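Remarks on the structure that follows.
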Amino acid sequence: MQTTPRLHILAPGYLLPLIAAAVIALWVRAPFISAHLPYFYAEDEAHHFNRIVEMVKEGRWDPQYFHKPSLHFYLRMPVVATAFLWNVREGHIRSVKEIRTRDPYGLAGYNFTASHPGIVKWNRALSVLLSVGAVLLTVLIACEFSFSPLVAFGAGLLVALSPAHIDQAAVIGVDTPMGFFALLSTWLALLFRRTQNRKWLWLAAVAAGFAVSSKYNALPILLVPALAAILRPVRSPGLAFAVIIVGGLSFFVASPFILTSLPLFLDHFAYEIWHYGVEGHVGHTAEPGLPQAAFYWQWIKGSAIGFPAALFLWLGAASVVIRRRRRLIVGLAFGVLFFLLMVNQKANFTRNVMVLIPWLSLLVALAVDSISRIPIIPVALRGMASVFLWAVLLIAPASQFQALRAELRSHTESRALLVEWIQSQERSREIAVAGKLQLPWATLALPGVNVVDERTLSPEQAYLDGYEVLAVRTPLREPFIASGLYEVSKEFSGSMDLQRIIRNPAISLLNALPCKETCLTRLKPSIAPIECKALPADGRCDLGLTGADQHHWFSSKVALLRIRRDPHSSSTHAQFRLMSPWPAQLVTIAADTPINVSLPEAGKWYEVSLPLQGSGDKEFPVLLAKVASPVERGMSSDPRRLGAAIRSGEIDPVS
């Protein structure tokens, strides 16, 4: 009876390269777990994370979304739950409902600034572990190709240091899980080919189904276990068909709601086919075939593996043809089929082909192995030849990785500087922040900080609402400056583009200017008048309100007090009372001689006597030093902008 040979990887010569590749891969990827947080720079990452959190918050297993299959969500839901409990233990959160997933200023209404970055980090850590797993599986597959430990280690190291692979390693997305399961399926298929133990074949089929259930375009991986069944000494077409069926069943096991939501699945899947194959994507489109292949070739020789390694791909491909080893066909099949699939699409995103990097690395390793085995090279020097070749091939990706890491370390975010500035300010100031800046929720919840839509908010309305400071994107500040109501007080440098995904935007702080006569004239038409009728019959200033405690609010920074008098009235003074919910409020009434009314205590009524010269109705512009919202100040649930209240007082008639 045939016994199963010991796995190559358990041999001491292969174990050390495997561990070394894992350590290096983890070391270069770990810093990206916290990159740019709390801000999301990738649209898909923000959408996926928020959808997963919403599924956890609602206890919902149906993703109600099939543009991507479901395994990705199910893998991360336990991570969200664990991360939540960890953050509770750390005192950062109390209820899962506190995790914010929606923002009216975010794309598709999703939150692009994490309310609890720690939960994001846990999910990114899972991506990093899967990415490291891809490096390990690359080494394992290289071992199955019977490469030397040095060549196998080099194959893993090329993936570990690939800038394109590192750039996507921590992203909460579907490409990393898909790549991991595709590599796992390939390795298990190779184990079956070597050992003829069918358990590896069934496991390879399950892993293939999981790869497709991570991302639809992994579909070619279902053929890899089938190839392993066909390309064995005793061919078994029935067995090959069976493993494809098992792979398909595994797909539905990992995405079960596709069967119960078939119309929605068909619509979403049809959109993906149309998006990639028919319509393309603005800024990411090339004609299928050679133009698309040329686009991906630029990526391969650039951030994927570098130009020297890209040249070795051709030698590796030639080696496959020359050697004609069945294990090479099984091991490289997915890479070839997936590349052909993507070349025949119209849309192109380099993140979609990030999963190819391990297969590119295996072809490069095949070239290195072939060169090191040239007969003119003595056996004793073949190891040195491999080390030399890998040293040359790894220079380009290593240097690009260093640049990527240096960029991460030196990266600045203007919004982080704005947050620091806001936190340093007195809470008495009213600060309006453009919602599109998507500042952290903890900052927006501070007293005196208000969220506004800078695209629709007019300078006049901002001024009337009492905003003393505006934080807006610099390209949209001109109307505020041209109005003469605001001036630039501080700037945070950044991108001047009006970005779809906000990244380090240029921000301007605008301070409100003192309101002068021209300001009052321009703002006057937009103010609702306060009518105060001076009635000679009882000598009272009637505001037209009922009840002893009724009053009227001045709800904007500039208001109009209208004293409407009876034609026969000879009153010389209007007497009324003012109150403000804000301490140290100053109310200026623009009479012939301006009257400054100080309201030092919040909530206390103060008597005011206003001279009435001449006859007829009188209008007095009123300027308030402070207008604010009680709900934004955490005082009540009242969302109105309030400055001061006015109610009836006595009229001093002439005897």
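Ligands are numbered from 1 in the order shown, chains are lettered A, B, ... in the order of the structure tokens, and residues start at 1 in each chain.
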
Any chance you could list, as a short mmCIF file (atom, residue, chain, number, x, y, z; two decimals) with N, CA and C atoms, in the first residue's frame, the residues in range 123-319 of chain A that come up alpha helix (DSSP H) when DSSP is run on the backbone?
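This is the output file result17.cif:
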data_model
loop_
_atom_site.label_atom_id
_atom_site.label_comp_id
_atom_site.auth_asym_id
_atom_site.auth_seq_id
_atom_site.Cartn_x
_atom_site.Cartn_y
_atom_site.Cartn_z
N ASN A 123 -10.11 44.79 11.48
CA ASN A 123 -10.47 44.24 10.17
C ASN A 123 -9.32 44.34 9.18
N ARG A 124 -8.57 45.41 9.26
CA ARG A 124 -7.38 45.51 8.40
C ARG A 124 -6.34 44.46 8.79
N ALA A 125 -6.26 44.16 10.08
CA ALA A 125 -5.31 43.14 10.53
C ALA A 125 -5.65 41.78 9.91
N LEU A 126 -6.95 41.48 9.77
CA LEU A 126 -7.34 40.23 9.10
C LEU A 126 -6.84 40.24 7.66
N SER A 127 -6.99 41.36 6.97
CA SER A 127 -6.49 41.45 5.59
C SER A 127 -4.99 41.21 5.54
N VAL A 128 -4.26 41.79 6.49
CA VAL A 128 -2.80 41.61 6.53
C VAL A 128 -2.45 40.15 6.75
N LEU A 129 -3.16 39.47 7.64
CA LEU A 129 -2.88 38.05 7.89
C LEU A 129 -3.13 37.23 6.64
N LEU A 130 -4.20 37.53 5.90
CA LEU A 130 -4.45 36.82 4.65
C LEU A 130 -3.38 37.13 3.62
N SER A 131 -2.90 38.37 3.61
CA SER A 131 -1.83 38.75 2.68
C SER A 131 -0.54 38.01 3.01
N VAL A 132 -0.23 37.92 4.31
CA VAL A 132 0.94 37.14 4.72
C VAL A 132 0.74 35.68 4.35
N GLY A 133 -0.50 35.20 4.51
CA GLY A 133 -0.80 33.83 4.10
C GLY A 133 -0.54 33.60 2.63
N ALA A 134 -0.81 34.61 1.80
CA ALA A 134 -0.53 34.49 0.37
C ALA A 134 0.97 34.36 0.11
N VAL A 135 1.78 35.07 0.89
CA VAL A 135 3.24 34.94 0.77
C VAL A 135 3.67 33.53 1.14
N LEU A 136 3.14 33.01 2.24
CA LEU A 136 3.49 31.65 2.67
C LEU A 136 3.08 30.62 1.63
N LEU A 137 1.89 30.77 1.06
CA LEU A 137 1.43 29.81 0.06
C LEU A 137 2.27 29.89 -1.20
N THR A 138 2.78 31.07 -1.52
CA THR A 138 3.70 31.18 -2.66
C THR A 138 4.94 30.33 -2.43
N VAL A 139 5.49 30.40 -1.22
CA VAL A 139 6.65 29.57 -0.88
C VAL A 139 6.29 28.09 -0.94
N LEU A 140 5.12 27.72 -0.43
CA LEU A 140 4.69 26.31 -0.43
C LEU A 140 4.53 25.79 -1.85
N ILE A 141 3.94 26.60 -2.72
CA ILE A 141 3.78 26.16 -4.12
C ILE A 141 5.14 26.04 -4.78
N ALA A 142 6.04 26.98 -4.48
CA ALA A 142 7.40 26.88 -5.02
C ALA A 142 8.08 25.59 -4.55
N CYS A 143 7.80 25.20 -3.31
CA CYS A 143 8.35 23.92 -2.83
C CYS A 143 7.80 22.75 -3.62
N GLU A 144 6.50 22.81 -3.96
CA GLU A 144 5.90 21.73 -4.75
C GLU A 144 6.46 21.69 -6.16
N PRO A 149 15.44 25.60 -1.53
CA PRO A 149 14.95 26.52 -0.49
C PRO A 149 15.22 27.98 -0.81
N LEU A 150 16.39 28.29 -1.40
CA LEU A 150 16.70 29.68 -1.73
C LEU A 150 15.77 30.23 -2.80
N VAL A 151 15.48 29.41 -3.82
CA VAL A 151 14.59 29.86 -4.89
C VAL A 151 13.16 30.03 -4.36
N ALA A 152 12.73 29.08 -3.52
CA ALA A 152 11.39 29.18 -2.92
C ALA A 152 11.28 30.41 -2.04
N PHE A 153 12.33 30.68 -1.26
CA PHE A 153 12.34 31.86 -0.41
C PHE A 153 12.30 33.13 -1.26
N GLY A 154 13.04 33.15 -2.35
CA GLY A 154 13.05 34.31 -3.24
C GLY A 154 11.67 34.57 -3.83
N ALA A 155 10.95 33.49 -4.19
CA ALA A 155 9.60 33.66 -4.73
C ALA A 155 8.69 34.33 -3.70
N GLY A 156 8.76 33.87 -2.45
CA GLY A 156 7.96 34.48 -1.40
C GLY A 156 8.38 35.91 -1.11
N LEU A 157 9.69 36.16 -1.15
CA LEU A 157 10.20 37.50 -0.85
C LEU A 157 9.78 38.51 -1.91
N LEU A 158 9.70 38.07 -3.16
CA LEU A 158 9.27 38.97 -4.23
C LEU A 158 7.82 39.41 -4.00
N VAL A 159 6.98 38.49 -3.54
CA VAL A 159 5.60 38.85 -3.21
C VAL A 159 5.58 39.73 -1.97
N ALA A 160 6.39 39.37 -0.96
CA ALA A 160 6.40 40.12 0.30
C ALA A 160 6.79 41.57 0.09
N PRO A 163 5.42 46.29 -4.07
CA PRO A 163 4.68 47.49 -3.64
C PRO A 163 3.19 47.39 -3.90
N ALA A 164 2.81 46.80 -5.04
CA ALA A 164 1.38 46.68 -5.35
C ALA A 164 0.68 45.74 -4.38
N HIS A 165 1.37 44.68 -3.98
CA HIS A 165 0.79 43.72 -3.02
C HIS A 165 0.71 44.36 -1.64
N ILE A 166 1.72 45.09 -1.26
CA ILE A 166 1.74 45.76 0.05
C ILE A 166 0.65 46.83 0.11
N ASP A 167 0.49 47.56 -0.99
CA ASP A 167 -0.47 48.66 -1.02
C ASP A 167 -1.89 48.18 -0.75
N GLN A 168 -2.22 46.97 -1.15
CA GLN A 168 -3.57 46.43 -0.96
C GLN A 168 -3.66 45.47 0.23
N ALA A 169 -2.53 45.23 0.90
CA ALA A 169 -2.50 44.18 1.93
C ALA A 169 -3.43 44.45 3.10
N ASP A 175 -10.24 41.44 -2.70
CA ASP A 175 -9.14 40.90 -3.50
C ASP A 175 -8.18 40.05 -2.69
N THR A 176 -7.86 40.47 -1.48
CA THR A 176 -6.93 39.70 -0.65
C THR A 176 -7.51 38.34 -0.26
N PRO A 177 -8.77 38.25 0.23
CA PRO A 177 -9.32 36.92 0.51
C PRO A 177 -9.40 36.05 -0.75
N MET A 178 -9.79 36.65 -1.86
CA MET A 178 -9.87 35.87 -3.09
C MET A 178 -8.52 35.29 -3.48
N GLY A 179 -7.47 36.14 -3.42
CA GLY A 179 -6.13 35.67 -3.75
C GLY A 179 -5.65 34.58 -2.82
N PHE A 180 -5.97 34.72 -1.53
CA PHE A 180 -5.55 33.71 -0.56
C PHE A 180 -6.18 32.35 -0.86
N PHE A 181 -7.49 32.33 -1.10
CA PHE A 181 -8.16 31.05 -1.34
C PHE A 181 -7.77 30.45 -2.68
N ALA A 182 -7.50 31.29 -3.67
CA ALA A 182 -7.04 30.78 -4.96
C ALA A 182 -5.68 30.11 -4.82
N LEU A 183 -4.78 30.73 -4.06
CA LEU A 183 -3.47 30.11 -3.81
C LEU A 183 -3.61 28.84 -2.98
N LEU A 184 -4.50 28.87 -1.98
CA LEU A 184 -4.71 27.69 -1.15
C LEU A 184 -5.23 26.53 -1.99
N SER A 185 -6.18 26.80 -2.87
CA SER A 185 -6.71 25.76 -3.75
C SER A 185 -5.61 25.19 -4.65
N THR A 186 -4.77 26.06 -5.18
CA THR A 186 -3.68 25.62 -6.05
C THR A 186 -2.70 24.73 -5.29
N TRP A 187 -2.33 25.14 -4.09
CA TRP A 187 -1.38 24.34 -3.30
C TRP A 187 -1.97 22.98 -2.95
N LEU A 188 -3.25 22.95 -2.55
CA LEU A 188 -3.89 21.68 -2.20
C LEU A 188 -4.00 20.78 -3.42
N ALA A 189 -4.25 21.37 -4.58
CA ALA A 189 -4.31 20.57 -5.82
C ALA A 189 -2.94 19.96 -6.12
N LEU A 190 -1.88 20.71 -5.86
CA LEU A 190 -0.53 20.18 -6.07
C LEU A 190 -0.20 19.08 -5.05
N LEU A 191 -0.68 19.23 -3.83
CA LEU A 191 -0.50 18.16 -2.84
C LEU A 191 -1.19 16.88 -3.30
N PHE A 192 -2.38 17.03 -3.85
CA PHE A 192 -3.07 15.85 -4.38
C PHE A 192 -2.28 15.23 -5.51
N ARG A 193 -1.74 16.06 -6.40
CA ARG A 193 -0.99 15.52 -7.53
C ARG A 193 0.22 14.73 -7.07
N ARG A 194 0.85 15.20 -6.00
CA ARG A 194 2.06 14.52 -5.52
C ARG A 194 1.74 13.29 -4.68
N THR A 195 0.69 13.38 -3.86
CA THR A 195 0.40 12.29 -2.92
C THR A 195 -0.69 11.35 -3.39
N ARG A 198 -6.94 11.80 -2.02
CA ARG A 198 -8.08 12.56 -2.52
C ARG A 198 -8.59 13.61 -1.53
N LYS A 199 -8.23 13.50 -0.28
CA LYS A 199 -8.71 14.52 0.66
C LYS A 199 -8.18 15.90 0.27
N TRP A 200 -6.95 15.93 -0.30
CA TRP A 200 -6.40 17.22 -0.73
C TRP A 200 -7.18 17.77 -1.91
N LEU A 201 -7.67 16.88 -2.77
CA LEU A 201 -8.42 17.32 -3.94
C LEU A 201 -9.77 17.91 -3.53
N TRP A 202 -10.45 17.25 -2.59
CA TRP A 202 -11.73 17.78 -2.13
C TRP A 202 -11.53 19.12 -1.41
N LEU A 203 -10.48 19.21 -0.61
CA LEU A 203 -10.19 20.48 0.05
C LEU A 203 -9.84 21.56 -0.96
N ALA A 204 -9.13 21.18 -2.02
CA ALA A 204 -8.81 22.15 -3.08
C ALA A 204 -10.08 22.66 -3.74
N ALA A 205 -11.06 21.77 -3.95
CA ALA A 205 -12.33 22.17 -4.55
C ALA A 205 -13.09 23.12 -3.63
N VAL A 206 -13.10 22.83 -2.33
CA VAL A 206 -13.78 23.72 -1.38
C VAL A 206 -13.12 25.09 -1.37
N ALA A 207 -11.76 25.11 -1.33
CA ALA A 207 -11.04 26.38 -1.34
C ALA A 207 -11.31 27.15 -2.62
N ALA A 208 -11.44 26.44 -3.74
CA ALA A 208 -11.76 27.10 -5.01
C ALA A 208 -13.14 27.76 -4.95
N GLY A 209 -14.11 27.04 -4.37
CA GLY A 209 -15.44 27.63 -4.21
C GLY A 209 -15.42 28.85 -3.32
N PHE A 210 -14.59 28.81 -2.27
CA PHE A 210 -14.46 29.96 -1.38
C PHE A 210 -13.82 31.15 -2.11
N ALA A 211 -12.88 30.87 -3.00
CA ALA A 211 -12.25 31.95 -3.77
C ALA A 211 -13.29 32.66 -4.63
N VAL A 212 -14.14 31.88 -5.32
CA VAL A 212 -15.18 32.48 -6.16
C VAL A 212 -16.21 33.19 -5.29
N LEU A 223 -11.28 25.31 -12.20
CA LEU A 223 -10.68 24.37 -13.15
C LEU A 223 -9.38 23.77 -12.64
N VAL A 224 -8.75 24.41 -11.64
CA VAL A 224 -7.44 23.93 -11.17
C VAL A 224 -7.55 22.57 -10.50
N PRO A 225 -8.46 22.34 -9.54
CA PRO A 225 -8.59 20.97 -9.00
C PRO A 225 -8.98 19.96 -10.08
N ALA A 226 -9.80 20.41 -11.05
CA ALA A 226 -10.18 19.51 -12.13
C ALA A 226 -8.96 19.12 -12.97
N LEU A 227 -8.08 20.08 -13.25
CA LEU A 227 -6.84 19.77 -13.98
C LEU A 227 -5.98 18.78 -13.21
N ALA A 228 -5.91 18.96 -11.88
CA ALA A 228 -5.13 18.04 -11.06
C ALA A 228 -5.70 16.63 -11.16
N ALA A 229 -7.03 16.51 -11.28
CA ALA A 229 -7.65 15.19 -11.41
C ALA A 229 -7.40 14.59 -12.78
N ILE A 230 -7.39 15.44 -13.81
CA ILE A 230 -7.20 14.95 -15.18
C ILE A 230 -5.74 14.63 -15.45
N PRO A 237 -11.99 11.72 -15.69
CA PRO A 237 -12.90 12.83 -16.06
C PRO A 237 -14.07 12.95 -15.09
N GLY A 238 -14.56 11.81 -14.61
CA GLY A 238 -15.67 11.85 -13.65
C GLY A 238 -15.26 12.53 -12.36
N LEU A 239 -14.03 12.25 -11.91
CA LEU A 239 -13.53 12.89 -10.69
C LEU A 239 -13.36 14.39 -10.92
N ALA A 240 -12.88 14.76 -12.09
CA ALA A 240 -12.71 16.18 -12.41
C ALA A 240 -14.06 16.90 -12.38
N PHE A 241 -15.07 16.26 -12.95
CA PHE A 241 -16.41 16.85 -12.94
C PHE A 241 -16.93 16.97 -11.51
N ALA A 242 -16.66 15.96 -10.70
CA ALA A 242 -17.14 15.95 -9.31
C ALA A 242 -16.53 17.09 -8.51
N VAL A 243 -15.24 17.37 -8.71
CA VAL A 243 -14.61 18.43 -7.91
C VAL A 243 -15.13 19.81 -8.34
N ILE A 244 -15.49 19.95 -9.63
CA ILE A 244 -16.11 21.21 -10.06
C ILE A 244 -17.45 21.39 -9.38
N ILE A 245 -18.22 20.31 -9.28
CA ILE A 245 -19.51 20.37 -8.58
C ILE A 245 -19.31 20.74 -7.12
N VAL A 246 -18.31 20.14 -6.47
CA VAL A 246 -18.02 20.46 -5.07
C VAL A 246 -17.63 21.93 -4.92
N GLY A 247 -16.83 22.43 -5.87
CA GLY A 247 -16.45 23.84 -5.84
C GLY A 247 -17.67 24.74 -5.97
N GLY A 248 -18.58 24.38 -6.88
CA GLY A 248 -19.80 25.17 -7.04
C GLY A 248 -20.67 25.15 -5.80
N LEU A 249 -20.80 23.99 -5.18
CA LEU A 249 -21.58 23.89 -3.94
C LEU A 249 -20.94 24.72 -2.83
N SER A 250 -19.62 24.71 -2.77
CA SER A 250 -18.91 25.51 -1.76
C SER A 250 -19.18 27.00 -1.96
N PHE A 251 -19.29 27.40 -3.21
CA PHE A 251 -19.62 28.80 -3.50
C PHE A 251 -20.96 29.17 -2.89
N PHE A 252 -21.98 28.32 -3.08
CA PHE A 252 -23.31 28.64 -2.55
C PHE A 252 -23.38 28.47 -1.03
N VAL A 253 -22.57 27.58 -0.47
CA VAL A 253 -22.52 27.46 0.99
C VAL A 253 -22.01 28.76 1.60
N ALA A 254 -21.02 29.38 0.95
CA ALA A 254 -20.44 30.62 1.47
C ALA A 254 -21.24 31.86 1.07
N PHE A 257 -27.45 33.38 0.42
CA PHE A 257 -28.60 34.23 0.13
C PHE A 257 -28.72 34.57 -1.35
N ILE A 258 -27.74 34.15 -2.15
CA ILE A 258 -27.89 34.29 -3.60
C ILE A 258 -29.09 33.48 -4.07
N LEU A 259 -29.30 32.31 -3.44
CA LEU A 259 -30.39 31.44 -3.85
C LEU A 259 -31.75 31.99 -3.45
N THR A 260 -31.81 32.74 -2.35
CA THR A 260 -33.09 33.28 -1.89
C THR A 260 -33.34 34.69 -2.40
N LEU A 262 -32.53 35.69 -5.76
CA LEU A 262 -32.05 35.47 -7.12
C LEU A 262 -32.22 36.68 -8.03
N PRO A 263 -33.37 37.37 -8.04
CA PRO A 263 -33.49 38.54 -8.93
C PRO A 263 -32.48 39.63 -8.61
N LEU A 264 -32.26 39.89 -7.31
CA LEU A 264 -31.29 40.92 -6.93
C LEU A 264 -29.88 40.48 -7.32
N PHE A 265 -29.57 39.20 -7.10
CA PHE A 265 -28.25 38.69 -7.49
C PHE A 265 -28.04 38.84 -8.99
N LEU A 266 -29.04 38.48 -9.78
CA LEU A 266 -28.89 38.57 -11.24
C LEU A 266 -28.68 40.01 -11.68
N ASP A 267 -29.41 40.95 -11.07
CA ASP A 267 -29.23 42.36 -11.43
C ASP A 267 -27.84 42.86 -11.06
N HIS A 268 -27.39 42.53 -9.86
CA HIS A 268 -26.07 43.00 -9.42
C HIS A 268 -24.95 42.33 -10.22
N PHE A 269 -25.09 41.04 -10.47
CA PHE A 269 -24.06 40.33 -11.23
C PHE A 269 -24.04 40.83 -12.68
N ALA A 270 -25.24 41.10 -13.22
CA ALA A 270 -25.31 41.64 -14.59
C ALA A 270 -24.62 42.99 -14.67
N TYR A 271 -24.79 43.81 -13.61
CA TYR A 271 -24.12 45.12 -13.61
C TYR A 271 -22.61 44.94 -13.67
N GLU A 272 -22.07 43.98 -12.92
CA GLU A 272 -20.61 43.77 -12.92
C GLU A 272 -20.14 43.35 -14.31
N ILE A 273 -20.90 42.46 -14.96
CA ILE A 273 -20.54 42.04 -16.32
C ILE A 273 -20.56 43.24 -17.27
N TRP A 274 -21.62 44.06 -17.15
CA TRP A 274 -21.74 45.25 -18.01
C TRP A 274 -20.65 46.26 -17.70
N LEU A 290 -4.96 43.30 -26.88
CA LEU A 290 -3.60 43.81 -26.77
C LEU A 290 -3.50 45.14 -26.04
N PRO A 291 -4.40 46.12 -26.28
CA PRO A 291 -4.30 47.38 -25.52
C PRO A 291 -4.42 47.15 -24.01
N GLN A 292 -5.33 46.26 -23.62
CA GLN A 292 -5.47 45.97 -22.19
C GLN A 292 -4.25 45.22 -21.67
N ALA A 293 -3.72 44.30 -22.46
CA ALA A 293 -2.52 43.59 -22.06
C ALA A 293 -1.34 44.55 -21.89
N ALA A 294 -1.25 45.53 -22.78
CA ALA A 294 -0.18 46.53 -22.68
C ALA A 294 -0.33 47.35 -21.40
N PHE A 295 -1.57 47.66 -21.02
CA PHE A 295 -1.80 48.40 -19.77
C PHE A 295 -1.29 47.59 -18.57
N TYR A 296 -1.65 46.33 -18.53
CA TYR A 296 -1.24 45.51 -17.39
C TYR A 296 0.26 45.22 -17.41
N TRP A 297 0.85 45.19 -18.59
CA TRP A 297 2.30 45.00 -18.67
C TRP A 297 3.03 46.18 -18.02
N GLN A 298 2.50 47.39 -18.22
CA GLN A 298 3.10 48.56 -17.57
C GLN A 298 3.02 48.42 -16.05
N TRP A 299 1.91 47.89 -15.58
CA TRP A 299 1.76 47.68 -14.13
C TRP A 299 2.72 46.60 -13.63
N PHE A 307 10.92 46.07 -13.25
CA PHE A 307 11.31 45.77 -14.63
C PHE A 307 12.25 44.56 -14.75
N PRO A 308 13.31 44.43 -13.93
CA PRO A 308 14.18 43.24 -14.09
C PRO A 308 13.42 41.94 -13.93
N ALA A 309 12.56 41.86 -12.90
CA ALA A 309 11.79 40.63 -12.70
C ALA A 309 10.80 40.41 -13.83
N ALA A 310 10.26 41.50 -14.38
CA ALA A 310 9.32 41.36 -15.49
C ALA A 310 9.99 40.72 -16.70
N LEU A 311 11.25 41.06 -16.93
CA LEU A 311 11.98 40.43 -18.04
C LEU A 311 12.13 38.93 -17.82
N PHE A 312 12.31 38.52 -16.57
CA PHE A 312 12.48 37.10 -16.26
C PHE A 312 11.19 36.32 -16.46
N LEU A 313 10.04 37.03 -16.53
CA LEU A 313 8.79 36.32 -16.77
C LEU A 313 8.83 35.55 -18.09
N TRP A 314 9.42 36.17 -19.10
CA TRP A 314 9.46 35.53 -20.40
C TRP A 314 10.30 34.26 -20.36
N LEU A 315 11.40 34.32 -19.63
CA LEU A 315 12.23 33.12 -19.49
C LEU A 315 11.50 32.05 -18.69
N GLY A 316 10.76 32.48 -17.67
CA GLY A 316 9.98 31.52 -16.90
C GLY A 316 8.92 30.85 -17.74
N ALA A 317 8.24 31.65 -18.60
CA ALA A 317 7.22 31.07 -19.48
C ALA A 317 7.85 30.08 -20.46
N ALA A 318 9.04 30.43 -20.97
CA ALA A 318 9.72 29.51 -21.89
C ALA A 318 10.10 28.22 -21.16
N SER A 319 10.48 28.34 -19.90
CA SER A 319 10.85 27.15 -19.12
C SER A 319 9.67 26.21 -18.94
#

I'd like the neighbourhood of range 583-587 of chain A as a ChimeraX atom specification, where a residue qualifies if any of its atoms comes within 9 Å (using only C-alpha atoms), though same-chain residues fewer than 5 positions away should be ignored. /A:578,595-603,622-626,643-644

Which polymer residues have any atom within 8 Å of an atom of Asn344 in chain A, counting only C-alpha atoms, with same-chain residues fewer than 5 positions away left out, as a PDB file with N, CA and C atoms, in the first residue's frame?
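Contents of the output file result17.pdb:
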ATOM      1  N   GLY A 277     -17.132  44.529 -18.755  1.00  0.00           N
ATOM      2  CA  GLY A 277     -16.973  44.033 -20.116  1.00  0.00           C
ATOM      3  C   GLY A 277     -17.557  44.894 -21.210  1.00  0.00           C
ATOM      4  N   PRO A 288     -10.324  45.761 -24.940  1.00  0.00           N
ATOM      5  CA  PRO A 288      -9.908  44.387 -24.631  1.00  0.00           C
ATOM      6  C   PRO A 288      -8.885  43.868 -25.637  1.00  0.00           C
ATOM      7  N   GLY A 289      -8.037  42.969 -25.168  1.00  0.00           N
ATOM      8  CA  GLY A 289      -7.024  42.396 -26.036  1.00  0.00           C
ATOM      9  C   GLY A 289      -5.661  43.015 -25.803  1.00  0.00           C
ATOM     10  N   GLN A 292      -5.331  46.262 -23.621  1.00  0.00           N
ATOM     11  CA  GLN A 292      -5.473  45.968 -22.191  1.00  0.00           C
ATOM     12  C   GLN A 292      -4.250  45.220 -21.666  1.00  0.00           C
TER      13      GLN A 292
END

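Minimum atom-to-atom distances from A:Glu478, A:Ala286, A:Arg503, A:Val28 to Ala398 in chain A were compared using only C-alpha atoms, and the lowest value belongs to A:Val28.
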
Calculate how many Å separate CA of Lys618 in chain A from CA of Leu560 in chain A, rounding to one decimal. 10.2 Å

Could you check the closest approach to Glu43 in chain A for each of A:Val171, A:Val379, A:Ala21, A:Val321 and tell me which residue wins, using only C-alpha atoms? A:Val171

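Excluding range 231-234 of chain A itself and any same-chain residue fewer than 5 positions from it, the protein and nucleic acid residues within 9 Å of it, counting only C-alpha atoms, are Arg193, Gln196, Ala226, Arg326, Arg327, Ile329 and Val330 of chain A.
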
Writing out the chosen residues with N, CA and C atoms as a tab-separated table (two decimals), in the first residue's frame:
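And here is the file that came out, out-v4.tsv:
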chain	number	residue	atom	x	y	z
A	193	ARG	N	-1.74	16.06	-6.40
A	193	ARG	CA	-0.99	15.52	-7.53
A	193	ARG	C	0.22	14.73	-7.07
A	196	GLN	N	-1.54	11.81	-4.35
A	196	GLN	CA	-2.70	11.06	-4.81
A	196	GLN	C	-3.69	10.77	-3.69
A	226	ALA	N	-9.80	20.41	-11.05
A	226	ALA	CA	-10.18	19.51	-12.13
A	226	ALA	C	-8.96	19.12	-12.97
A	326	ARG	N	3.67	18.48	-15.54
A	326	ARG	CA	2.25	18.62	-15.23
A	326	ARG	C	2.02	19.45	-13.97
A	327	ARG	N	2.91	19.32	-13.02
A	327	ARG	CA	2.73	20.11	-11.80
A	327	ARG	C	2.83	21.61	-12.08
A	329	ILE	N	1.82	23.00	-14.90
A	329	ILE	CA	0.54	23.37	-15.54
A	329	ILE	C	-0.53	23.58	-14.48
A	330	VAL	N	-0.60	22.66	-13.52
A	330	VAL	CA	-1.59	22.78	-12.44
A	330	VAL	C	-1.31	24.02	-11.60

Find the residues around range 108-119 of chain A up to 9 Å (only C-alpha atoms counted), leave out those fewer than 4 positions away in its own chain, and share them as a PyMOL selection string. chain A and resi 34+37-43+46-47+50-51+79-84+86-87+92-93+98-104+123-124+438-442+501-502

Would you pick out the contacts of Ile431 in chain A at 12 Å or less, using only C-alpha atoms, so that residues sharing its chain but fewer than 2 positions from it are not included, and give the list as number ranges by chain? A: 418-419, 421-423, 425-429, 433-434, 443-452, 462-463, 465-472, 509-512, 626-629, 632-633

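Using only C-alpha atoms for every distance, the candidate list A:Val343, A:Glu287, A:Arg351, A:Val96 yields A:Arg351 as the residue closest to Val174 in chain A.
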